[in-house]
file protein-v9.pdb (PDB, C-alpha atoms)
ATOM      1  CA  MET A   1     116.667 -26.500 -25.367
ATOM      2  CA  ALA A   2     114.247 -29.075 -26.790
ATOM      3  CA  LEU A   3     110.815 -29.346 -25.226
ATOM      4  CA  PRO A   4     110.382 -32.405 -22.950
ATOM      5  CA  ARG A   5     108.515 -35.362 -24.355
ATOM      6  CA  VAL A   6     105.011 -36.122 -23.073
ATOM      7  CA  MET A   7     106.286 -39.504 -21.835
ATOM      8  CA  ALA A   8     109.705 -41.138 -21.916
ATOM      9  CA  SER A   9     110.465 -44.739 -20.969
ATOM     10  CA  GLY A  10     113.716 -46.550 -20.276
ATOM     11  CA  PHE A  11     114.451 -50.227 -19.633
ATOM     12  CA  ALA A  12     117.514 -51.729 -17.981
ATOM     13  CA  PRO A  13     118.181 -55.439 -17.396
ATOM     14  CA  GLY A  14     119.115 -57.216 -14.213
ATOM     15  CA  LYS A  15     122.232 -59.334 -13.916
ATOM     16  CA  CYS A  16     123.586 -62.653 -12.673
ATOM     17  CA  ILE A  17     127.140 -63.352 -11.567
ATOM     18  CA  LEU A  18     128.508 -66.450 -13.288
ATOM     19  CA  PHE A  19     131.849 -66.601 -11.472
ATOM     20  CA  GLY A  20     133.822 -64.707  -8.865
ATOM     21  CA  GLU A  21     131.413 -63.935  -6.036
ATOM     22  CA  HIS A  22     133.194 -62.843  -2.864
ATOM     23  CA  ALA A  23     136.639 -63.339  -4.446
ATOM     24  CA  VAL A  24     136.102 -60.055  -6.334
ATOM     25  CA  VAL A  25     136.252 -58.267  -2.966
ATOM     26  CA  TYR A  26     139.838 -59.523  -2.664
ATOM     27  CA  GLY A  27     141.058 -58.419  -6.087
ATOM     28  CA  HIS A  28     140.003 -61.363  -8.265
ATOM     29  CA  PRO A  29     137.769 -60.910 -11.342
ATOM     30  CA  ALA A  30     133.997 -61.360 -11.357
ATOM     31  CA  VAL A  31     132.042 -62.358 -14.458
ATOM     32  CA  ALA A  32     128.456 -61.160 -14.830
ATOM     33  CA  VAL A  33     125.845 -61.413 -17.588
ATOM     34  CA  ALA A  34     122.801 -59.275 -18.259
ATOM     35  CA  ILE A  35     119.470 -61.116 -18.146
ATOM     36  CA  GLU A  36     116.254 -60.451 -20.042
ATOM     37  CA  SER A  37     114.199 -59.524 -16.980
ATOM     38  CA  GLY A  38     114.671 -56.006 -15.689
ATOM     39  CA  VAL A  39     113.162 -52.659 -14.726
ATOM     40  CA  ARG A  40     111.114 -50.255 -16.849
ATOM     41  CA  VAL A  41     110.718 -46.625 -15.774
ATOM     42  CA  SER A  42     108.357 -44.145 -17.426
ATOM     43  CA  VAL A  43     108.306 -40.410 -16.679
ATOM     44  CA  GLU A  44     105.957 -37.652 -17.810
ATOM     45  CA  GLN A  45     105.046 -34.137 -16.759
ATOM     46  CA  SER A  46     102.421 -33.842 -14.041
ATOM     47  CA  ASN A  47     100.914 -31.359 -11.634
ATOM     48  CA  GLU A  48     102.569 -33.123  -8.693
ATOM     49  CA  TRP A  49     105.456 -35.453  -7.947
ATOM     50  CA  THR A  50     104.277 -39.077  -7.830
ATOM     51  CA  LEU A  51     105.905 -42.503  -7.899
ATOM     52  CA  GLU A  52     103.707 -45.456  -8.791
ATOM     53  CA  GLY A  53     100.573 -43.431  -8.094
ATOM     54  CA  VAL A  54     101.481 -42.074  -4.642
ATOM     55  CA  ALA A  55     103.264 -38.919  -3.499
ATOM     56  CA  PHE A  56     107.021 -39.142  -4.150
ATOM     57  CA  GLU A  57     109.082 -38.992  -0.945
ATOM     58  CA  PRO A  58     112.741 -38.375  -1.899
ATOM     59  CA  SER A  59     114.158 -39.675   1.395
ATOM     60  CA  ARG A  60     112.624 -43.105   0.759
ATOM     61  CA  HIS A  61     114.099 -43.407  -2.746
ATOM     62  CA  PRO A  62     117.761 -42.383  -2.591
ATOM     63  CA  HIS A  63     118.695 -43.756  -6.030
ATOM     64  CA  ILE A  64     115.980 -41.777  -7.798
ATOM     65  CA  SER A  65     116.615 -38.632  -5.740
ATOM     66  CA  HIS A  66     120.347 -38.721  -6.466
ATOM     67  CA  ILE A  67     119.835 -39.011 -10.209
ATOM     68  CA  LEU A  68     117.197 -36.273 -10.266
ATOM     69  CA  ASP A  69     118.961 -33.778  -8.010
ATOM     70  CA  THR A  70     122.692 -34.466  -8.236
ATOM     71  CA  VAL A  71     123.172 -35.915 -11.718
ATOM     72  CA  PHE A  72     120.580 -34.058 -13.791
ATOM     73  CA  GLU A  73     120.029 -31.137 -11.363
ATOM     74  CA  TYR A  74     116.413 -31.355 -12.513
ATOM     75  CA  ASP A  75     114.373 -28.207 -11.878
ATOM     76  CA  GLY A  76     111.542 -28.721 -14.349
ATOM     77  CA  SER A  77     107.880 -29.512 -13.875
ATOM     78  CA  PRO A  78     106.839 -32.224 -11.400
ATOM     79  CA  LEU A  79     106.996 -35.733 -12.799
ATOM     80  CA  LYS A  80     104.715 -38.718 -12.702
ATOM     81  CA  MET A  81     107.057 -41.725 -12.429
ATOM     82  CA  GLU A  82     106.008 -45.321 -12.967
ATOM     83  CA  VAL A  83     108.250 -48.328 -12.238
ATOM     84  CA  GLU A  84     107.652 -51.888 -13.430
ATOM     85  CA  SER A  85     110.075 -54.629 -12.389
ATOM     86  CA  SER A  86     110.201 -58.277 -13.444
ATOM     87  CA  LEU A  87     113.129 -58.978 -11.095
ATOM     88  CA  PHE A  88     113.057 -60.591  -7.661
ATOM     89  CA  SER A  89     114.072 -57.829  -5.223
ATOM     90  CA  ALA A  90     116.886 -58.190  -2.680
ATOM     91  CA  ALA A  91     117.864 -61.419  -4.422
ATOM     92  CA  GLY A  92     121.226 -60.597  -6.022
ATOM     93  CA  LEU A  93     119.837 -59.753  -9.479
ATOM     94  CA  GLY A  94     120.854 -56.091  -9.481
ATOM     95  CA  SER A  95     117.379 -54.599  -9.182
ATOM     96  CA  SER A  96     118.548 -51.271  -7.714
ATOM     97  CA  ALA A  97     121.209 -50.893 -10.429
ATOM     98  CA  ALA A  98     118.609 -51.610 -13.114
ATOM     99  CA  LEU A  99     116.311 -49.005 -11.543
ATOM    100  CA  SER A 100     119.098 -46.407 -11.573
ATOM    101  CA  ASN A 101     119.999 -47.096 -15.210
ATOM    102  CA  ALA A 102     116.374 -47.154 -16.371
ATOM    103  CA  ILE A 103     115.434 -43.874 -14.715
ATOM    104  CA  GLY A 104     118.650 -42.294 -15.999
ATOM    105  CA  ALA A 105     117.717 -43.292 -19.544
ATOM    106  CA  ALA A 106     114.104 -42.130 -19.169
ATOM    107  CA  LEU A 107     115.111 -38.760 -17.692
ATOM    108  CA  GLN A 108     117.674 -38.125 -20.407
ATOM    109  CA  ASP A 109     115.066 -38.811 -23.074
ATOM    110  CA  HIS A 110     112.514 -36.644 -21.252
ATOM    111  CA  ILE A 111     114.882 -33.679 -20.967
ATOM    112  CA  ASN A 112     116.753 -34.113 -24.269
ATOM    113  CA  PRO A 113     114.536 -36.135 -26.612
ATOM    114  CA  GLY A 114     116.376 -37.743 -29.481
ATOM    115  CA  GLN A 115     119.777 -37.678 -27.771
ATOM    116  CA  LYS A 116     121.567 -41.011 -28.145
ATOM    117  CA  LEU A 117     122.078 -42.962 -24.933
ATOM    118  CA  ASP A 118     125.661 -43.383 -23.730
ATOM    119  CA  PRO A 119     125.785 -46.721 -21.841
ATOM    120  CA  VAL A 120     129.120 -45.891 -20.182
ATOM    121  CA  ALA A 121     127.796 -42.556 -18.920
ATOM    122  CA  LEU A 122     124.688 -44.299 -17.589
ATOM    123  CA  ALA A 123     126.854 -46.962 -15.919
ATOM    124  CA  ARG A 124     128.851 -44.238 -14.159
ATOM    125  CA  MET A 125     125.640 -42.437 -13.191
ATOM    126  CA  GLY A 126     124.140 -45.627 -11.786
ATOM    127  CA  HIS A 127     127.342 -46.420  -9.885
ATOM    128  CA  SER A 128     127.295 -42.977  -8.252
ATOM    129  CA  ALA A 129     123.683 -43.552  -7.185
ATOM    130  CA  GLU A 130     124.543 -46.992  -5.762
ATOM    131  CA  ALA A 131     127.527 -45.541  -3.883
ATOM    132  CA  MET A 132     125.412 -42.766  -2.374
ATOM    133  CA  ALA A 133     122.681 -45.207  -1.302
ATOM    134  CA  GLN A 134     125.234 -47.654   0.144
ATOM    135  CA  LYS A 135     127.134 -45.032   2.174
ATOM    136  CA  GLY A 136     130.158 -44.896  -0.104
ATOM    137  CA  ARG A 137     130.587 -48.611  -0.736
ATOM    138  CA  ALA A 138     129.528 -49.993  -4.110
ATOM    139  CA  SER A 139     131.055 -52.133  -6.837
ATOM    140  CA  PRO A 140     130.369 -51.066 -10.438
ATOM    141  CA  THR A 141     129.546 -54.677 -11.408
ATOM    142  CA  ASP A 142     125.747 -54.410 -11.325
ATOM    143  CA  THR A 143     125.441 -50.997 -12.948
ATOM    144  CA  ALA A 144     128.021 -51.724 -15.662
ATOM    145  CA  THR A 145     126.439 -55.054 -16.601
ATOM    146  CA  SER A 146     122.951 -53.555 -16.666
ATOM    147  CA  ALA A 147     124.059 -50.584 -18.779
ATOM    148  CA  LEU A 148     126.342 -52.387 -21.233
ATOM    149  CA  GLY A 149     124.525 -55.727 -21.480
ATOM    150  CA  GLY A 150     126.149 -58.962 -22.636
ATOM    151  CA  CYS A 151     128.963 -60.469 -20.566
ATOM    152  CA  ILE A 152     131.041 -58.158 -18.361
ATOM    153  CA  VAL A 153     134.226 -58.811 -16.369
ATOM    154  CA  VAL A 154     135.067 -56.535 -13.444
ATOM    155  CA  SER A 155     138.508 -56.722 -11.869
ATOM    156  CA  GLY A 156     141.331 -54.669 -10.426
ATOM    157  CA  ASN A 157     143.094 -54.993 -13.772
ATOM    158  CA  GLN A 158     142.143 -55.905 -17.328
ATOM    159  CA  VAL A 159     141.717 -59.658 -17.696
ATOM    160  CA  GLU A 160     143.365 -61.442 -20.607
ATOM    161  CA  GLY A 161     140.956 -62.306 -23.406
ATOM    162  CA  THR A 162     138.550 -59.446 -22.645
ATOM    163  CA  ARG A 163     137.877 -56.086 -24.314
ATOM    164  CA  HIS A 164     138.453 -53.041 -22.111
ATOM    165  CA  VAL A 165     135.460 -50.679 -21.959
ATOM    166  CA  PHE A 166     136.147 -48.186 -19.170
ATOM    167  CA  ASP A 167     137.667 -47.741 -15.725
ATOM    168  CA  ALA A 168     135.858 -46.776 -12.542
ATOM    169  CA  LYS A 169     136.981 -45.511  -9.166
ATOM    170  CA  LEU A 170     135.312 -44.658  -5.899
ATOM    171  CA  GLU A 171     136.491 -43.036  -2.683
ATOM    172  CA  THR A 172     135.201 -45.421  -0.008
ATOM    173  CA  PRO A 173     135.466 -45.236   3.789
ATOM    174  CA  GLU A 174     138.332 -47.723   3.432
ATOM    175  CA  GLY A 175     140.169 -45.641   0.819
ATOM    176  CA  LEU A 176     140.223 -45.270  -2.975
ATOM    177  CA  ARG A 177     139.092 -48.308  -4.959
ATOM    178  CA  LYS A 178     139.643 -48.778  -8.691
ATOM    179  CA  TRP A 179     138.128 -51.212 -11.188
ATOM    180  CA  SER A 180     138.619 -52.167 -14.823
ATOM    181  CA  ILE A 181     135.354 -52.927 -16.650
ATOM    182  CA  ASN A 182     135.770 -55.261 -19.606
ATOM    183  CA  ALA A 183     133.495 -57.040 -22.060
ATOM    184  CA  VAL A 184     133.557 -60.581 -23.446
ATOM    185  CA  ASP A 185     132.148 -61.177 -26.921
ATOM    186  CA  LEU A 186     130.198 -64.430 -26.621
ATOM    187  CA  PRO A 187     130.438 -66.790 -29.613
ATOM    188  CA  ASP A 188     127.370 -67.729 -31.648
ATOM    189  CA  SER A 189     127.659 -71.312 -30.390
ATOM    190  CA  LEU A 190     126.280 -70.133 -27.034
ATOM    191  CA  ASP A 191     123.079 -68.772 -28.589
ATOM    192  CA  ASP A 192     121.076 -71.903 -27.811
ATOM    193  CA  ALA A 193     122.076 -71.898 -24.136
ATOM    194  CA  CYS A 194     119.859 -70.408 -21.448
ATOM    195  CA  LEU A 195     120.228 -69.428 -17.840
ATOM    196  CA  VAL A 196     117.493 -70.487 -15.478
ATOM    197  CA  ILE A 197     117.400 -68.433 -12.292
ATOM    198  CA  GLY A 198     115.854 -69.950  -9.203
ATOM    199  CA  PHE A 199     114.764 -67.678  -6.350
ATOM    200  CA  THR A 200     114.673 -69.310  -2.927
ATOM    201  CA  GLY A 201     112.185 -66.772  -1.590
ATOM    202  CA  GLU A 202     114.709 -65.760   1.074
ATOM    203  CA  MET A 203     116.134 -62.241   1.010
ATOM    204  CA  SER A 204     119.904 -61.909   1.140
ATOM    205  CA  SER A 205     122.037 -59.128   2.652
ATOM    206  CA  THR A 206     125.218 -58.627   0.628
ATOM    207  CA  GLY A 207     126.854 -56.608   3.397
ATOM    208  CA  LYS A 208     126.158 -59.279   6.002
ATOM    209  CA  MET A 209     127.489 -62.092   3.802
ATOM    210  CA  VAL A 210     130.654 -60.178   2.828
ATOM    211  CA  ALA A 211     131.308 -59.377   6.496
ATOM    212  CA  GLY A 212     130.824 -63.056   7.381
ATOM    213  CA  VAL A 213     133.438 -64.138   4.847
ATOM    214  CA  ALA A 214     135.861 -61.478   6.107
ATOM    215  CA  LYS A 215     135.447 -62.795   9.650
ATOM    216  CA  LEU A 216     136.007 -66.372   8.464
ATOM    217  CA  LEU A 217     139.258 -65.410   6.731
ATOM    218  CA  GLU A 218     140.418 -63.545   9.812
ATOM    219  CA  GLU A 219     139.779 -66.556  12.027
ATOM    220  CA  GLN A 220     141.007 -69.133   9.483
ATOM    221  CA  PRO A 221     143.690 -67.494   7.270
ATOM    222  CA  GLU A 222     144.226 -70.777   5.429
ATOM    223  CA  MET A 223     140.828 -70.267   3.808
ATOM    224  CA  GLU A 224     142.317 -67.463   1.706
ATOM    225  CA  GLY A 225     143.359 -70.235  -0.661
ATOM    226  CA  GLU A 226     139.694 -70.641  -1.551
ATOM    227  CA  MET A 227     139.678 -67.086  -2.930
ATOM    228  CA  ASP A 228     142.686 -67.870  -5.121
ATOM    229  CA  ALA A 229     140.921 -71.034  -6.292
ATOM    230  CA  ILE A 230     137.792 -69.060  -7.229
ATOM    231  CA  GLY A 231     140.043 -66.683  -9.193
ATOM    232  CA  ARG A 232     141.535 -69.588 -11.151
ATOM    233  CA  ILE A 233     138.113 -71.117 -11.771
ATOM    234  CA  THR A 234     136.815 -67.749 -12.994
ATOM    235  CA  ARG A 235     139.602 -67.484 -15.564
ATOM    236  CA  ALA A 236     139.010 -71.070 -16.688
ATOM    237  CA  GLY A 237     135.288 -70.334 -17.024
ATOM    238  CA  LEU A 238     136.042 -67.264 -19.122
ATOM    239  CA  THR A 239     138.262 -69.287 -21.450
ATOM    240  CA  ALA A 240     135.502 -71.872 -21.837
ATOM    241  CA  MET A 241     132.926 -69.181 -22.599
ATOM    242  CA  SER A 242     135.131 -67.576 -25.235
ATOM    243  CA  ALA A 243     135.525 -70.988 -26.855
ATOM    244  CA  GLY A 244     131.781 -71.693 -26.720
ATOM    245  CA  ASN A 245     132.372 -74.826 -24.629
ATOM    246  CA  LEU A 246     129.168 -75.180 -22.593
ATOM    247  CA  GLU A 247     130.301 -78.339 -20.843
ATOM    248  CA  ALA A 248     133.444 -76.639 -19.559
ATOM    249  CA  VAL A 249     131.495 -73.537 -18.508
ATOM    250  CA  GLY A 250     129.166 -75.775 -16.515
ATOM    251  CA  MET A 251     132.083 -77.567 -14.874
ATOM    252  CA  ALA A 252     133.529 -74.205 -13.824
ATOM    253  CA  MET A 253     130.147 -73.160 -12.390
ATOM    254  CA  ASP A 254     129.961 -76.351 -10.314
ATOM    255  CA  ALA A 255     133.543 -75.930  -9.122
ATOM    256  CA  CYS A 256     132.933 -72.293  -8.194
ATOM    257  CA  HIS A 257     129.872 -73.254  -6.184
ATOM    258  CA  GLU A 258     131.798 -75.862  -4.207
ATOM    259  CA  ARG A 259     134.351 -73.226  -3.186
ATOM    260  CA  LEU A 260     131.597 -70.806  -2.211
ATOM    261  CA  ARG A 261     129.922 -73.539  -0.195
ATOM    262  CA  MET A 262     133.194 -74.118   1.671
ATOM    263  CA  LEU A 263     133.221 -70.400   2.510
ATOM    264  CA  GLY A 264     129.838 -70.870   4.191
ATOM    265  CA  VAL A 265     127.775 -68.643   1.902
ATOM    266  CA  SER A 266     125.378 -71.261   0.555
ATOM    267  CA  SER A 267     122.176 -72.241   2.372
ATOM    268  CA  PRO A 268     119.883 -75.281   2.592
ATOM    269  CA  SER A 269     117.354 -73.654   0.261
ATOM    270  CA  LEU A 270     120.023 -72.862  -2.337
ATOM    271  CA  GLU A 271     121.398 -76.400  -2.145
ATOM    272  CA  THR A 272     117.907 -77.825  -2.685
ATOM    273  CA  LEU A 273     117.364 -75.816  -5.881
ATOM    274  CA  ILE A 274     120.877 -76.517  -7.197
ATOM    275  CA  GLU A 275     120.452 -80.248  -6.628
ATOM    276  CA  ALA A 276     117.111 -80.162  -8.455
ATOM    277  CA  ALA A 277     118.556 -78.309 -11.463
ATOM    278  CA  ARG A 278     121.820 -80.187 -11.984
ATOM    279  CA  PRO A 279     120.461 -83.376 -13.651
ATOM    280  CA  HIS A 280     119.206 -81.255 -16.567
ATOM    281  CA  SER A 281     122.005 -78.646 -16.645
ATOM    282  CA  PHE A 282     125.629 -78.209 -17.652
ATOM    283  CA  GLY A 283     126.256 -76.615 -14.265
ATOM    284  CA  ALA A 284     124.486 -74.859 -11.393
ATOM    285  CA  LYS A 285     125.566 -72.587  -8.567
ATOM    286  CA  LEU A 286     124.473 -69.809  -6.261
ATOM    287  CA  THR A 287     124.700 -66.310  -7.732
ATOM    288  CA  GLY A 288     125.465 -63.177  -5.768
ATOM    289  CA  SER A 289     126.357 -63.011  -2.107
ATOM    290  CA  GLY A 290     124.515 -66.192  -1.073
ATOM    291  CA  GLY A 291     122.739 -66.854   2.204
ATOM    292  CA  GLY A 292     119.474 -67.078   0.281
ATOM    293  CA  GLY A 293     118.641 -65.116  -2.840
ATOM    294  CA  CYS A 294     119.095 -66.948  -6.131
ATOM    295  CA  MET A 295     120.877 -69.784  -7.883
ATOM    296  CA  ILE A 296     121.474 -70.182 -11.618
ATOM    297  CA  ALA A 297     121.694 -73.139 -13.983
ATOM    298  CA  LEU A 298     123.140 -73.235 -17.515
ATOM    299  CA  THR A 299     121.121 -75.479 -19.807
ATOM    300  CA  ARG A 300     119.720 -76.199 -23.265
ATOM    301  CA  ASP A 301     116.469 -77.424 -21.698
ATOM    302  CA  PRO A 302     115.258 -74.382 -19.747
ATOM    303  CA  ARG A 303     111.632 -75.483 -19.382
ATOM    304  CA  ARG A 304     112.608 -78.736 -17.733
ATOM    305  CA  VAL A 305     115.024 -76.996 -15.363
ATOM    306  CA  ALA A 306     112.413 -74.356 -14.509
ATOM    307  CA  GLU A 307     109.902 -77.078 -13.691
ATOM    308  CA  ALA A 308     112.446 -78.880 -11.489
ATOM    309  CA  ILE A 309     113.173 -75.657  -9.605
ATOM    310  CA  GLU A 310     109.478 -74.981  -9.118
ATOM    311  CA  VAL A 311     108.827 -78.492  -7.833
ATOM    312  CA  ALA A 312     111.708 -78.014  -5.392
ATOM    313  CA  GLY A 313     110.047 -74.899  -3.980
ATOM    314  CA  GLY A 314     111.768 -72.137  -5.946
ATOM    315  CA  SER A 315     110.521 -69.442  -8.317
ATOM    316  CA  PRO A 316     112.159 -69.697 -11.781
ATOM    317  CA  LEU A 317     113.082 -67.106 -14.398
ATOM    318  CA  ILE A 318     114.452 -68.034 -17.835
ATOM    319  CA  SER A 319     116.874 -65.831 -19.740
ATOM    320  CA  ARG A 320     119.244 -66.057 -22.642
ATOM    321  CA  LEU A 321     122.944 -65.786 -21.787
ATOM    322  CA  GLY A 322     123.894 -62.115 -22.032
ATOM    323  CA  ALA A 323     120.869 -59.940 -22.872
ATOM    324  CA  PRO A 324     121.049 -56.397 -24.330
ATOM    325  CA  GLY A 325     121.759 -53.480 -21.993
ATOM    326  CA  VAL A 326     119.914 -50.271 -21.148
ATOM    327  CA  ARG A 327     117.671 -48.850 -23.865
ATOM    328  CA  LEU A 328     114.784 -46.523 -24.580
ATOM    329  CA  LEU A 329     111.296 -47.853 -25.159
ATOM    330  CA  GLU A 330     108.562 -46.529 -27.391
ATOM    331  CA  ASP A 331     105.536 -45.023 -25.663
TER     332      ASP A 331
END
call {"tool": "encode", "arguments": {"input": "protein-v9.pdb", "output": "structure tokens"}}
result
Amino acid sequence: MALPRVMASGFAPGKCILFGEHAVVYGHPAVAVAIESGVRVSVEQSNEWTLEGVAFEPSRHPHISHILDTVFEYDGSPLKMEVESSLFSAAGLGSSAALSNAIGAALQDHINPGQKLDPVALARMGHSAEAMAQKGRASPTDTATSALGGCIVVSGNQVEGTRHVFDAKLETPEGLRKWSINAVDLPDSLDDACLVIGFTGEMSSTGKMVAGVAKLLEEQPEMEGEMDAIGRITRAGLTAMSAGNLEAVGMAMDACHERLRMLGVSSPSLETLIEAARPHSFGAKLTGSGGGGCMIALTRDPRRVAEAIEVAGGSPLISRLGAPGVRLLED
């Protein structure tokens, strides 16, 4: 067995959902893209277990503990672990998935230096950590997008016009769930487009928002048509992306947001940032579960959109559309 490296570092990006929020829970596809901001994890041998300079308490960090103990069955020397994140936490940007993927990459390189990273294996590893931390309920969307990078489509079945990468399944308290993870190769004509992410400053609970939508559909069954509409919009948005048609992608984003707003998952703060961004964007919408968290805008003028979001009270991040996935970093 190779000797561990003195220090190993991994980076994994966060993600934004372009289309399909909430509808993905009911069998429709969701489209996500990796963003340039993310999480870096560095590990090195030490005399004691530490995380960011303080004693590591496994019970407080279930993702890290799962990957150390269950995935790698690590029994080596204590580790000094450092985490740096450029993502807003609890904001729908996949920060916990990025953490899982980054520490998985760093640990692999620490234990087996020189071994090539397998993004699919890391995606599965991250998904298992998310499922453990979320008591058996976790979609592979965040971990797959962070590991693979680019543009990812997650659905119950393969979606036309996408490239199948792998399948995932999870035994949940509600029974066995299965997903098809697919990639979309973005055309070069989208290279000059950027996403601007606007954080409202309000934390968002995915579980609470999903439960709220489920209750709405139970009380108003006619609202199920909104889920079907989001599914159709998602497919139209995918077609527009594959064709490099930014205007049509933006129209699909706006249409998707209107449906989400009708489901009651937007918020005054999200609406304020979306309204500020739209005059300088192809389209803008909430991203993730809603109820706070973040919105996104697609634009060729990211600085102007970022300034508009900031003036409206939000915190902006700029990213290209579909950043690279998990990777190792030089010391």
call {"tool": "residues_near_point", "arguments": {"input": "protein-v9.pdb", "point": "(122.1, -52.5, -3.3)", "cutoff": "8 Å", "atoms": "all atoms listed in the file", "output": "VMD selection string"}}
result
chain A and resid 90 94 to 97 130 133 to 134 138 206
call {"tool": "closest_residue", "arguments": {"input": "protein-v9.pdb", "among": "A:Met132, A:Val41, A:Val154, A:Ile197", "to": "Trp179 in chain A", "atoms": "only C-alpha atoms"}}
result
A:Val154
call {"tool": "resolve_selection", "arguments": {"input": "protein-v9.pdb", "expression": "the PyMOL selection byres ((chain A and resi 292-295) around 8)", "output": "list of chain:residue names"}}
result
A:Ala90, A:Ala91, A:Gly92, A:Leu93, A:Ile197, A:Gly198, A:Phe199, A:Thr200, A:Gly201, A:Glu202, A:Met203, A:Ser204, A:Ser266, A:Ser267, A:Ser269, A:Leu270, A:Leu273, A:Ile274, A:Ala284, A:Lys285, A:Leu286, A:Thr287, A:Gly288, A:Gly290, A:Gly291, A:Ile296, A:Ala297
call {"tool": "resolve_selection", "arguments": {"input": "protein-v9.pdb", "expression": "the PyMOL selection byres ((chain A and resi 72) around 10)", "output": "ChimeraX atom specification"}}
result
/A:66-71,73-75,104,107-108,111,125
call {"tool": "axis_aligned_box", "arguments": {"input": "protein-v9.pdb", "around": "range 111-115 of chain A", "padding_each_side": "6 Å", "output": "JSON"}}
result
{"center_x": 117.2, "center_y": -35.7, "center_z": -25.2, "size_x": 17.2, "size_y": 16.1, "size_z": 20.5}
call {"tool": "residues_around", "arguments": {"input": "protein-v9.pdb", "residues": "Ala32 in chain A", "least_positions_apart": "5", "cutoff": "7 Å", "atoms": "all atoms listed in the file", "output": "PyMOL selection string"}}
result
chain A and resi 15-18+145+151-153
call {"tool": "closest_residue", "arguments": {"input": "protein-v9.pdb", "among": "A:Val54, A:Val184, A:Val265, A:Ala229", "to": "Gly212 in chain A", "atoms": "all atoms listed in the file"}}
result
A:Val265
call {"tool": "closest_residue", "arguments": {"input": "protein-v9.pdb", "among": "A:Leu79, A:Ala34, A:Ala214, A:Leu195", "to": "Ser319 in chain A", "atoms": "only C-alpha atoms"}}
result
A:Leu195
call {"tool": "resolve_selection", "arguments": {"input": "protein-v9.pdb", "expression": "the PyMOL selection byres ((chain A and resi 98) around 12)", "output": "VMD selection string"}}
result
chain A and resid 10 to 15 34 to 41 63 to 64 83 to 89 92 to 97 99 to 105 122 to 123 125 to 127 129 to 130 141 to 149 325 to 327
call {"tool": "atom_distance", "arguments": {"input": "protein-v9.pdb", "atom1": "CA of His110 in chain A", "atom2": "CA of Gly322 in chain A"}}
result
27.9 Å
call {"tool": "residues_around", "arguments": {"input": "protein-v9.pdb", "residues": "range 19-23 of chain A", "least_positions_apart": "5", "cutoff": "7 Å", "atoms": "only C-alpha atoms", "output": "ChimeraX atom specification"}}
result
/A:28-31,210,227,230-231,234,253,256,288-289
call {"tool": "closest_atom_pairs", "arguments": {"input": "protein-v9.pdb", "of": "range 268-319 of chain A", "to": "range 186-191 of chain A", "cutoff": "12 Å", "atoms": "all atoms listed in the file", "output": "Markdown table"}}
result
| residue | atom | partner | partner_atom | distance |
| --- | --- | --- | --- | --- |
| A:Leu298 | CA | A:Leu190 | CA | 10.5 |
| A:Thr299 | CA | A:Leu190 | CA | 10.4 |
| A:Arg300 | CA | A:Leu190 | CA | 9.7 |
| A:Ser319 | CA | A:Asp191 | CA | 11.2 |
call {"tool": "write_last_selection", "arguments": {"input": "protein-v9.pdb", "atoms": "C-alpha atoms", "output": "mmCIF file, in the coordinates of the input"}}
result
data_model
loop_
_atom_site.group_PDB
_atom_site.id
_atom_site.type_symbol
_atom_site.label_atom_id
_atom_site.label_comp_id
_atom_site.auth_asym_id
_atom_site.auth_seq_id
_atom_site.Cartn_x
_atom_site.Cartn_y
_atom_site.Cartn_z
ATOM 1 C CA LEU A 298 123.140 -73.235 -17.515
ATOM 2 C CA THR A 299 121.121 -75.479 -19.807
ATOM 3 C CA ARG A 300 119.720 -76.199 -23.265
ATOM 4 C CA SER A 319 116.874 -65.831 -19.740
#
call {"tool": "residues_around", "arguments": {"input": "protein-v9.pdb", "residues": "Leu216 in chain A", "least_positions_apart": "6", "cutoff": "10 Å", "atoms": "only C-alpha atoms", "output": "PDB file with C-alpha atoms, in the coordinates of the input"}}
result
ATOM      1  CA  VAL A 210     130.654 -60.178   2.828  1.00  0.00           C
ATOM      2  CA  GLU A 222     144.226 -70.777   5.429  1.00  0.00           C
ATOM      3  CA  MET A 223     140.828 -70.267   3.808  1.00  0.00           C
ATOM      4  CA  GLU A 224     142.317 -67.463   1.706  1.00  0.00           C
ATOM      5  CA  LEU A 263     133.221 -70.400   2.510  1.00  0.00           C
ATOM      6  CA  GLY A 264     129.838 -70.870   4.191  1.00  0.00           C
TER       7      GLY A 264
END
call {"tool": "closest_residue", "arguments": {"input": "protein-v9.pdb", "among": "A:Pro140, A:Gly161, A:Pro279, A:Gly207", "to": "Ile181 in chain A", "atoms": "all atoms listed in the file"}}
result
A:Pro140
call {"tool": "atom_distance", "arguments": {"input": "protein-v9.pdb", "atom1": "CA of Ile318 in chain A", "atom2": "CA of Ala248 in chain A"}}
result
20.9 Å
